[in-house]
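Here the structure comes first, spelled out in structure tokens, and everything after it is commentary.
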Amino acid sequence: MPIGEGFPRELTPQERELLLWVLPPERSGYREYRERVNNWKVVAQGRRGEGNYILARADERVDIESPLPHVVAYGMVVTEAGELSVSVREVLGNQFEFEIVGIQGNIDPANIREIRRWSLSSWLPGMPCPQCGQPIRQVPMASAAGQQFALAICAGDRRVWLYDEQSGMNLPIPVSNFYNELMLHKNIRDPKIALDAKRLFLHLSEFSDTDLQRAFRSYNKIRTKVALQGEIVVEEKRPSFLGRLLRFFRLRRL
């Protein structure tokens, strides 16, 4: 937090640079956020404390009572002093929250030597994971109206996100909530399995594209990540007896 700061205030040069970095201009879905970064002011501290702020018009009445909006952009700057995370939440009315915080403690972005940086916002289908550089699981999806998406799952970094082809945005998905819908779909109720979300990554190959599509379809109905024109289309295939038998033994090993 800048020393002696009051509200409203201008973004610092470092805040502005980091926010515009995780909001790439070539992606249409991020452009409205860039415009607001360039025109709005920091009007209050957010509900998450140090490093979390609300951006809005100078005379806007701040809303901190509504549920915390989804993250729409995320990146990490690796420095000699530690890792600095940068996140932007979706617009709520006439404001949005951003957070620039050190993972291991306070880091002043104005006085650090940067080693490297990565952002989910820059990812496209076919690319490796932006954080670890390893191949990732990509599940194509489409709505009934023809909207195209890709569900991306990186087992190495244990991240899940959704790529929206129309907007170009990459939207992080909370792992626990998504895994819960996957377990409900698979009708797995054993707490040792159903409550252990890391199994999504440890046993990722055990889940078919159809399993993952159905899980996202259910998740999006409860915690809307993207506005759909019709539901996600899932090809419903009844497995053969042999397929059901093999699946039974695979689930017993999970």
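In the structure tokens, each chain is lettered A, B, ... as it comes, each chain's residues begin at 1, and ligands are numbered from 1 in order of appearance.
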Original post:
Near stretch 155-159 of chain A, within 10 Å and counting only C-alpha atoms, which residues show up once chain neighbours fewer than 2 positions away are dropped, as an NGL selection string?
Top reply: :A and (129-137 or 152-153 or 161 or 172-175 or 197-204)
Within 7 Å of stretch 38-51 of chain A: each stretch 79-146 of chain A residue with its shortest pair, only C-alpha atoms, as JSON lines:
{"residue": "A:Glu97", "atom": "CA", "partner": "A:Gly46", "partner_atom": "CA", "distance": 6.8}
{"residue": "A:Glu99", "atom": "CA", "partner": "A:Gly51", "partner_atom": "CA", "distance": 5.4}
{"residue": "A:Ile100", "atom": "CA", "partner": "A:Gly51", "partner_atom": "CA", "distance": 5.2}
{"residue": "A:Val101", "atom": "CA", "partner": "A:Gly51", "partner_atom": "CA", "distance": 5.4}
Could you take the residues named above and write them with all heavy atoms, as a CSV table (one decimal), in the first residue's frame?
chain,number,residue,atom,x,y,z
A,97,GLU,N,-12.6,-5.3,-8.7
A,97,GLU,CA,-11.5,-5.4,-7.8
A,97,GLU,C,-10.3,-6.0,-8.4
A,97,GLU,O,-10.4,-6.8,-9.4
A,97,GLU,CB,-11.9,-6.3,-6.6
A,97,GLU,CG,-13.0,-5.8,-5.7
A,97,GLU,CD,-13.2,-6.6,-4.5
A,97,GLU,OE1,-12.2,-7.1,-3.9
A,97,GLU,OE2,-14.4,-6.8,-4.1
A,99,GLU,N,-6.1,-7.3,-7.4
A,99,GLU,CA,-5.2,-7.7,-6.2
A,99,GLU,C,-3.8,-7.9,-6.8
A,99,GLU,O,-3.6,-8.7,-7.7
A,99,GLU,CB,-5.7,-9.0,-5.6
A,99,GLU,CG,-5.0,-9.3,-4.3
A,99,GLU,CD,-5.8,-10.4,-3.5
A,99,GLU,OE1,-6.7,-10.1,-2.8
A,99,GLU,OE2,-5.4,-11.6,-3.7
A,100,ILE,N,-2.8,-7.3,-6.1
A,100,ILE,CA,-1.4,-7.4,-6.4
A,100,ILE,C,-0.7,-7.7,-5.1
A,100,ILE,O,-0.5,-6.8,-4.3
A,100,ILE,CB,-0.8,-6.2,-7.1
A,100,ILE,CG1,-1.6,-5.9,-8.4
A,100,ILE,CG2,0.7,-6.3,-7.4
A,100,ILE,CD1,-1.2,-4.6,-9.1
A,101,VAL,N,-0.3,-8.9,-4.9
A,101,VAL,CA,0.2,-9.3,-3.6
A,101,VAL,C,1.4,-10.3,-3.7
A,101,VAL,O,1.4,-11.1,-4.7
A,101,VAL,CB,-0.9,-10.0,-2.7
A,101,VAL,CG1,-2.0,-9.0,-2.4
A,101,VAL,CG2,-1.5,-11.2,-3.4
**OP:** Work out how far apart atom CA of A:Asn52 and atom CA of A:Tyr163 are and give it in Å to one decimal.
**Re:**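 These two atoms are separated by 25.3 Å.
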Original post:
Got a sec: who's within 12 Å of A:Asp164, counting only C-alpha atoms, leaving out chain neighbours fewer than 6 positions off, as number ranges by chain?
Top reply: A: 27-30, 72, 121, 123-125, 140-143, 146-152, 170-172, 225-228
Keeping only N, CA, C and O atoms, write those residues as a tab-separated table (two decimals), in the first residue's frame.
chain	number	residue	atom	x	y	z
A	27	ARG	N	-7.26	-9.42	-27.00
A	27	ARG	CA	-8.39	-10.25	-26.58
A	27	ARG	C	-9.59	-9.35	-26.30
A	27	ARG	O	-9.56	-8.53	-25.38
A	28	SER	N	-10.65	-9.49	-27.08
A	28	SER	CA	-11.77	-8.55	-27.00
A	28	SER	C	-12.41	-8.49	-25.62
A	28	SER	O	-12.87	-7.44	-25.18
A	29	GLY	N	-12.44	-9.62	-24.92
A	29	GLY	CA	-13.08	-9.65	-23.61
A	29	GLY	C	-12.38	-8.82	-22.56
A	29	GLY	O	-12.99	-8.44	-21.56
A	30	TYR	N	-11.10	-8.55	-22.77
A	30	TYR	CA	-10.34	-7.78	-21.78
A	30	TYR	C	-10.33	-6.28	-22.07
A	30	TYR	O	-9.86	-5.49	-21.25
A	72	VAL	N	-11.16	-13.01	-13.54
A	72	VAL	CA	-11.20	-13.07	-15.00
A	72	VAL	C	-9.82	-12.96	-15.64
A	72	VAL	O	-9.67	-13.18	-16.85
A	121	SER	N	-3.84	-15.21	-19.19
A	121	SER	CA	-4.53	-14.44	-20.22
A	121	SER	C	-3.92	-14.62	-21.61
A	121	SER	O	-4.60	-14.42	-22.62
A	123	TRP	N	-2.75	-17.43	-22.91
A	123	TRP	CA	-2.82	-18.81	-23.40
A	123	TRP	C	-3.83	-18.98	-24.54
A	123	TRP	O	-4.88	-18.33	-24.56
A	124	LEU	N	-3.48	-19.85	-25.50
A	124	LEU	CA	-4.38	-20.27	-26.57
A	124	LEU	C	-4.38	-21.79	-26.66
A	124	LEU	O	-3.36	-22.43	-26.33
A	125	PRO	N	-5.48	-22.41	-27.10
A	125	PRO	CA	-5.50	-23.86	-27.27
A	125	PRO	C	-4.34	-24.34	-28.14
A	125	PRO	O	-4.02	-23.71	-29.16
A	140	PRO	N	-12.28	-29.95	-25.81
A	140	PRO	CA	-13.11	-29.03	-26.60
A	140	PRO	C	-14.56	-29.11	-26.16
A	140	PRO	O	-15.07	-30.18	-25.83
A	141	MET	N	-15.24	-27.98	-26.17
A	141	MET	CA	-16.65	-27.92	-25.82
A	141	MET	C	-17.35	-26.91	-26.72
A	141	MET	O	-16.72	-25.99	-27.23
A	142	ALA	N	-18.66	-27.09	-26.88
A	142	ALA	CA	-19.46	-26.16	-27.67
A	142	ALA	C	-20.85	-26.08	-27.08
A	142	ALA	O	-21.36	-27.05	-26.52
A	143	SER	N	-21.46	-24.89	-27.19
A	143	SER	CA	-22.84	-24.74	-26.75
A	143	SER	C	-23.79	-25.13	-27.89
A	143	SER	O	-23.36	-25.31	-29.03
A	146	GLY	N	-23.46	-23.02	-30.86
A	146	GLY	CA	-22.21	-23.01	-31.60
A	146	GLY	C	-21.06	-22.25	-30.96
A	146	GLY	O	-20.01	-22.11	-31.56
A	147	GLN	N	-21.24	-21.75	-29.72
A	147	GLN	CA	-20.12	-21.11	-29.02
A	147	GLN	C	-19.03	-22.16	-28.78
A	147	GLN	O	-19.33	-23.30	-28.42
A	148	GLN	N	-17.79	-21.77	-28.95
A	148	GLN	CA	-16.68	-22.70	-28.81
A	148	GLN	C	-15.84	-22.39	-27.57
A	148	GLN	O	-15.52	-21.22	-27.30
A	149	PHE	N	-15.49	-23.45	-26.85
A	149	PHE	CA	-14.70	-23.32	-25.63
A	149	PHE	C	-13.66	-24.44	-25.58
A	149	PHE	O	-13.77	-25.44	-26.29
A	150	ALA	N	-12.68	-24.25	-24.71
A	150	ALA	CA	-11.73	-25.32	-24.41
A	150	ALA	C	-11.52	-25.34	-22.90
A	150	ALA	O	-11.21	-24.30	-22.30
A	151	LEU	N	-11.71	-26.50	-22.30
A	151	LEU	CA	-11.41	-26.69	-20.88
A	151	LEU	C	-9.96	-27.13	-20.78
A	151	LEU	O	-9.56	-28.11	-21.40
A	152	ALA	N	-9.16	-26.38	-20.04
A	152	ALA	CA	-7.72	-26.65	-19.93
A	152	ALA	C	-7.41	-27.11	-18.51
A	152	ALA	O	-7.82	-26.47	-17.53
A	170	ASN	N	-9.37	-16.26	-20.76
A	170	ASN	CA	-9.08	-17.49	-20.03
A	170	ASN	C	-9.54	-17.31	-18.60
A	170	ASN	O	-8.98	-16.48	-17.87
A	171	LEU	N	-10.54	-18.06	-18.20
A	171	LEU	CA	-11.21	-17.86	-16.92
A	171	LEU	C	-10.84	-18.97	-15.95
A	171	LEU	O	-11.20	-20.14	-16.17
A	172	PRO	N	-10.11	-18.65	-14.87
A	172	PRO	CA	-9.74	-19.68	-13.89
A	172	PRO	C	-10.98	-20.32	-13.26
A	172	PRO	O	-11.97	-19.64	-13.00
A	225	LYS	N	-19.74	-19.34	-14.99
A	225	LYS	CA	-18.42	-18.87	-15.40
A	225	LYS	C	-18.51	-18.13	-16.73
A	225	LYS	O	-17.78	-17.18	-16.98
A	226	VAL	N	-19.42	-18.60	-17.59
A	226	VAL	CA	-19.58	-17.99	-18.91
A	226	VAL	C	-21.05	-18.05	-19.29
A	226	VAL	O	-21.74	-19.02	-18.98
A	227	ALA	N	-21.55	-16.98	-19.93
A	227	ALA	CA	-22.94	-16.95	-20.37
A	227	ALA	C	-23.09	-17.81	-21.61
A	227	ALA	O	-22.38	-17.61	-22.60
A	228	LEU	N	-23.98	-18.77	-21.56
A	228	LEU	CA	-24.16	-19.72	-22.66
A	228	LEU	C	-25.44	-19.44	-23.44
A	228	LEU	O	-26.45	-19.03	-22.87
Original post:
Using only C-alpha atoms, which residues sit within 10 Å of A:Glu114 once same-chain residues fewer than 6 positions away are excluded, as a ChimeraX atom specification?
Top reply: /A:77-84
Output file for the selection above: N, CA, C and O atoms, as an mmCIF file, in the first residue's frame:
data_model
loop_
_atom_site.group_PDB
_atom_site.id
_atom_site.type_symbol
_atom_site.label_atom_id
_atom_site.label_comp_id
_atom_site.auth_asym_id
_atom_site.auth_seq_id
_atom_site.Cartn_x
_atom_site.Cartn_y
_atom_site.Cartn_z
ATOM 1 N N VAL A 77 4.379 -12.739 -11.382
ATOM 2 C CA VAL A 77 5.699 -12.185 -11.660
ATOM 3 C C VAL A 77 6.669 -12.808 -10.667
ATOM 4 O O VAL A 77 6.495 -12.671 -9.448
ATOM 5 N N VAL A 78 7.676 -13.502 -11.188
ATOM 6 C CA VAL A 78 8.691 -14.127 -10.342
ATOM 7 C C VAL A 78 9.844 -13.141 -10.199
ATOM 8 O O VAL A 78 10.422 -12.692 -11.189
ATOM 9 N N THR A 79 10.164 -12.798 -8.963
ATOM 10 C CA THR A 79 11.209 -11.810 -8.690
ATOM 11 C C THR A 79 12.253 -12.392 -7.743
ATOM 12 O O THR A 79 12.077 -13.475 -7.178
ATOM 13 N N GLU A 80 13.327 -11.649 -7.552
ATOM 14 C CA GLU A 80 14.349 -12.078 -6.598
ATOM 15 C C GLU A 80 13.819 -12.103 -5.174
ATOM 16 O O GLU A 80 14.325 -12.836 -4.321
ATOM 17 N N ALA A 81 12.770 -11.318 -4.912
ATOM 18 C CA ALA A 81 12.204 -11.240 -3.565
ATOM 19 C C ALA A 81 11.075 -12.242 -3.343
ATOM 20 O O ALA A 81 10.564 -12.367 -2.233
ATOM 21 N N GLY A 82 10.663 -12.955 -4.384
ATOM 22 C CA GLY A 82 9.553 -13.892 -4.284
ATOM 23 C C GLY A 82 8.594 -13.719 -5.437
ATOM 24 O O GLY A 82 8.876 -13.017 -6.412
ATOM 25 N N GLU A 83 7.437 -14.349 -5.327
ATOM 26 C CA GLU A 83 6.437 -14.323 -6.395
ATOM 27 C C GLU A 83 5.357 -13.290 -6.090
ATOM 28 O O GLU A 83 4.869 -13.193 -4.960
ATOM 29 N N LEU A 84 4.984 -12.560 -7.119
ATOM 30 C CA LEU A 84 3.972 -11.512 -7.001
ATOM 31 C C LEU A 84 2.790 -11.897 -7.885
ATOM 32 O O LEU A 84 2.931 -12.022 -9.100
#
Original post:
Near stretch 205-218 of chain A, within 7 Å and counting only C-alpha atoms, which residues show up once chain neighbours fewer than 2 positions away are dropped, as a ChimeraX atom specification?
Top reply: /A:139,141,178,181-182,185,203,220-222,232,234
Could you save those same residues with C-alpha atoms as a PDB file, in the first residue's frame?
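Below is the file out_15.pdb, written as the result:
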ATOM      1  CA  VAL A 139     -11.195 -30.686 -23.728  1.00  0.00           C
ATOM      2  CA  MET A 141     -16.652 -27.918 -25.821  1.00  0.00           C
ATOM      3  CA  PHE A 178     -15.273 -28.341 -10.331  1.00  0.00           C
ATOM      4  CA  GLU A 181     -19.401 -31.647  -9.781  1.00  0.00           C
ATOM      5  CA  LEU A 182     -17.223 -34.315 -11.401  1.00  0.00           C
ATOM      6  CA  HIS A 185     -21.576 -36.872 -12.105  1.00  0.00           C
ATOM      7  CA  HIS A 203      -5.836 -39.614 -12.047  1.00  0.00           C
ATOM      8  CA  ASN A 220     -21.561 -23.554 -14.906  1.00  0.00           C
ATOM      9  CA  LYS A 221     -25.243 -23.888 -14.007  1.00  0.00           C
ATOM     10  CA  ILE A 222     -24.459 -23.378 -10.330  1.00  0.00           C
ATOM     11  CA  ILE A 232     -22.910 -27.337 -23.432  1.00  0.00           C
ATOM     12  CA  VAL A 234     -22.327 -33.505 -24.597  1.00  0.00           C
TER      13      VAL A 234
END
**OP:** Pull the alpha helix (DSSP H) assignments for stretch 79-235 of chain A out of DSSP run on the backbone, and list those residues as number ranges by chain.
**Re:** A: 175-186, 191-194, 199-202, 209-222
**OP:** Extract, using only C-alpha atoms, all DNA, RNA and protein residues at most 10 Å from A:Ala110, discarding same-chain residues fewer than 3 positions from it, and format them as a ChimeraX atom specification.
**Re:** /A:12-15,107,113
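The gap separating atom CA of A:Asp59 from atom CA of A:Pro8 is 8.4 Å, in Å to one decimal.
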Subject >> For A:His70: contacts at 7 Å, only C-alpha atoms, fewer than 2 positions along chain excluded, given as a list in words >> reply: Leu68, Val72, Arg89 and Glu90 of chain A
Export of the given selection (N, CA and C atoms) as a PDB file, in the first residue's frame:
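Contents of part23.pdb, freshly written:
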ATOM      1  N   LEU A  68     -18.258 -12.125  -3.705  1.00  0.00           N
ATOM      2  CA  LEU A  68     -17.016 -11.799  -4.399  1.00  0.00           C
ATOM      3  C   LEU A  68     -17.078 -12.305  -5.829  1.00  0.00           C
ATOM      4  N   VAL A  72     -11.155 -13.014 -13.536  1.00  0.00           N
ATOM      5  CA  VAL A  72     -11.205 -13.065 -15.001  1.00  0.00           C
ATOM      6  C   VAL A  72      -9.821 -12.957 -15.636  1.00  0.00           C
ATOM      7  N   ARG A  89     -10.805  -9.207 -10.961  1.00  0.00           N
ATOM      8  CA  ARG A  89     -12.123  -9.836 -10.840  1.00  0.00           C
ATOM      9  C   ARG A  89     -13.121  -9.170 -11.786  1.00  0.00           C
ATOM     10  N   GLU A  90     -14.173  -9.907 -12.122  1.00  0.00           N
ATOM     11  CA  GLU A  90     -15.125  -9.399 -13.097  1.00  0.00           C
ATOM     12  C   GLU A  90     -15.832  -8.146 -12.584  1.00  0.00           C
TER      13      GLU A  90
END
Subject >> strand (DSSP E or B) call set, DSSP backbone run, stretch 139-245 of chain A, as an MDAnalysis selection string >> reply: chainID A and resid 139:143 148:154 159:164 170:172 232
Original post:
What is the distance, in Å and to one decimal place, between atom CA of A:Ala73 and atom CA of A:Leu23?
Top reply: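 Calculated distance between atom CA of A:Ala73 and atom CA of A:Leu23 is 6.8 Å.
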